[in-house]
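Student: Mind looking over this structure? Questions follow.
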Amino acid sequence: MNIKPLGDRVVVKPIEAEEVTKSGIVLPGTAKEKPQQGEVMAVGSGEYIDGKKVDLEVKVGDKVIYSKYAGTEVKLDDQEYLILRQNDILAIIE
Amino acid sequence: MNIKPLGDRVVVKPIEAEEVTKSGIVLPGTAKEKPQQGEVMAVGSGEYIDGKKVDLEVKVGDKVIYSKYAGTEVKLDDQEYLILRQNDILAIIE
Amino acid sequence: MNIKPLGDRVVVKPIEAEEVTKSGIVLPGTAKEKPQQGEVMAVGSGEYIDGKKVDLEVKVGDKVIYSKYAGTEVKLDDQEYLILRQNDILAIIE
Amino acid sequence: MNIKPLGDRVVVKPIEAEEVTKSGIVLPGTAKEKPQQGEVMAVGSGEYIDGKKVDLEVKVGDKVIYSKYAGTEVKLDDQEYLILRQNDILAIIE
Amino acid sequence: MNIKPLGDRVVVKPIEAEEVTKSGIVLPGTAKEKPQQGEVMAVGSGEYIDGKKVDLEVKVGDKVIYSKYAGTEVKLDDQEYLILRQNDILAIIE
Amino acid sequence: MNIKPLGDRVVVKPIEAEEVTKSGIVLPGTAKEKPQQGEVMAVGSGEYIDGKKVDLEVKVGDKVIYSKYAGTEVKLDDQEYLILRQNDILAIIE
Amino acid sequence: MNIKPLGDRVVVKPIEAEEVTKSGIVLPGTAKEKPQQGEVMAVGSGEYIDGKKVDLEVKVGDKVIYSKYAGTEVKLDDQEYLILRQNDILAIIE
């Protein structure tokens, strides 16, 4: 992985809805057009909270659910990634 | 439960309006289409308030009333859940 | 009363305009459709102000005037209540 | 006076434009429909500024000019009052 | 002058465009309809910046340029004044 | 120069697009209608950052690039100036 | 390079989509009209975070991905540059 997100940003590789079904999670409705689940590929250096830099809560390898329409899509070596703020990540699936 | 919400987020399992009636609480109007009451299934690690992390006020197992249209719906093992910010939870029913 | 509001929220039982008239207070205009006066039934644990939790100014039993259209209505044992933020309460009537 | 405003709120008794003229102050334009001048009848407990509660600058009895359309009208014993935030008060007339 | 503005507010007596020309300053375009220059007649007690009250930068007697459409007009003894926040004052003309 | 801007404001004398070309800088598109480059003529007393007053980064004499449509135009002795907040200044040209 | 950006701003030289393909990165969709990738040419003096000035995370020479439509375009010696806030930079490509 050669993208280093800035600050509180996270690079996520979306997981297609089909794969999601196998792991027992199904996302509702328009999920087929736009998956809302992915794997964290890279995390930023942290976010500033009242002047102190705090590590992000998500780690590389985490499976996460994120807000629909959040973030910016980029393509790298023919794979699509999403650059999100950690705040757009709703939960980690364990 | 295998979803771990981030920060000040909470996973809630909505309670259908029928069940609500039995416990003596009836939600008005459009409540049948969209329940506003549920049970807390998982809570995030807490929220930052002026630089200090503070535990959430709701706990797993709490029955809560939440704002209509708040949060994001996800499906897990054929059960629908709602991921809300604690701020969208109005009250705990005891 | 079995609703415990969160944080700076308050549960209010609205007082109908007719009752209001008896106590000498009349609310203007559209007051009949939507009363703006009520009695506090439950108060939240307080609000955070610059990192410190501060008790709410209103207490259970206070008669209060609140902003029109503020808050969320819930029904409990056939009685309608309103869950408001303390900030939507304008004044206490003594 | 039996209304106790909350926090940084102030109860003002509007002064009709006619009275205003006598004291030498005339408010322009639409002032006749909605007076912008009144007398302070009650003040809240103060406002929080960076975590410290600070007394309001206006006192009971002050003649004040306030922003048009600010605040909420309430009727008490057949007299109309206005509940304003202190921030909606522009100036004290001495 | 018998108006005491609150907080960071300032009472300004607008200077008509004609007078402005004499002092060598001409305001562009719509300046004739609404002058943007005036003399400070009264200043508020100061503004709170991070919990400390700070004196205003403008003083009584200062000639100032202010933002178009800013503030509220009031009439006092047949003279029109403007009550502005100091933040709406762009510069002092010396 | 007899204008003293307040706080974080700066007085800039716009440089016409023709002059800009000579110095090797050309601004794109609509630059002819509204230049985005100018010389700093006066700076305010500084800006408050977390309660401390901090000197502005630009100095009198700096050539600066500023945001299109930012600021307020004033005319002084037949010369047009722009009063900007420092935050509307993008860069200094050295 | 003779542009010194202010504060948390950064001057970026956009990289055309063709060059991007060679380095193995392809930006999706409308990328041809507006590249979202560039090289940092100059960085500002830093940004204020809770009253302390903090160095920017990007350095001169970094290849960065930035938000579409962010920033302001300027032309210098026939080369187009973009002046962005660091917050509009999503990630560094290493």
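Starting from 1 in every chain, residues are counted up; chains themselves are A, B, ... following the order of the structure tokens, and ligands are numbered from 1 as listed.
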I'd like the neighbourhood of Ile83 (chain E) as a PDB file with C-alpha atoms, in the first residue's frame, where a residue qualifies if any of its atoms comes within 8 Å (using only C-alpha atoms), though same-chain residues fewer than 6 positions away should be ignored.
Tutor:
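Dumped to around_13.pdb:
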ATOM      1  CA  LEU D  90     -28.606  45.929  21.539  1.00  0.00           C
TER       2      LEU D  90
ATOM      3  CA  PRO E   5     -24.549  49.579  23.790  1.00  0.00           C
ATOM      4  CA  ARG E   9     -21.609  46.714  20.274  1.00  0.00           C
ATOM      5  CA  VAL E  10     -20.918  50.258  19.124  1.00  0.00           C
ATOM      6  CA  VAL E  11     -23.240  53.178  18.369  1.00  0.00           C
ATOM      7  CA  VAL E  12     -22.246  54.983  15.197  1.00  0.00           C
ATOM      8  CA  GLY E  71     -26.219  46.661  12.298  1.00  0.00           C
ATOM      9  CA  THR E  72     -29.590  48.052  13.350  1.00  0.00           C
ATOM     10  CA  GLU E  73     -30.795  51.599  12.781  1.00  0.00           C
ATOM     11  CA  VAL E  74     -32.337  53.547  15.660  1.00  0.00           C
TER      12      VAL E  74
END
Student: Can you list, as a count of residues only, every protein, DNA or RNA residue that comes within 6 Å of region 45-50 of chain C when you count only C-alpha atoms, leaving out same-chain residues fewer than 6 positions away?
Tutor: 4
Student: Please, what distance in Å, to one decimal, runs between CA of Gly38 (chain F) and CA of Ile65 (chain F)?
Tutor: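 We find that CA of Gly38 (chain F) and CA of Ile65 (chain F) lie 6.6 Å from each other.
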Student: Record the distance separating CA of Glu16 (chain C) and CA of Gln37 (chain C), expressed in Å with one decimal.
Tutor: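 Atom-to-atom, CA of Glu16 (chain C) to CA of Gln37 (chain C), that is 7.8 Å.
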Student: Rounded to one decimal, what separation in Å do you get between CA of Val40 (chain A) and CA of Val58 (chain A)?
Tutor: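 It comes out at 7.7 Å.
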Student: Could you pull out the strand (DSSP E or B) residues of region 50-80 of chain G, going by DSSP on the backbone, and write them as a list in words?
Tutor: Lys52, Lys53, Val54, Lys63, Val64, Ile65, Tyr66, Thr72, Glu73, Val74, Lys75, Leu76, Gln79 and Glu80 of chain G
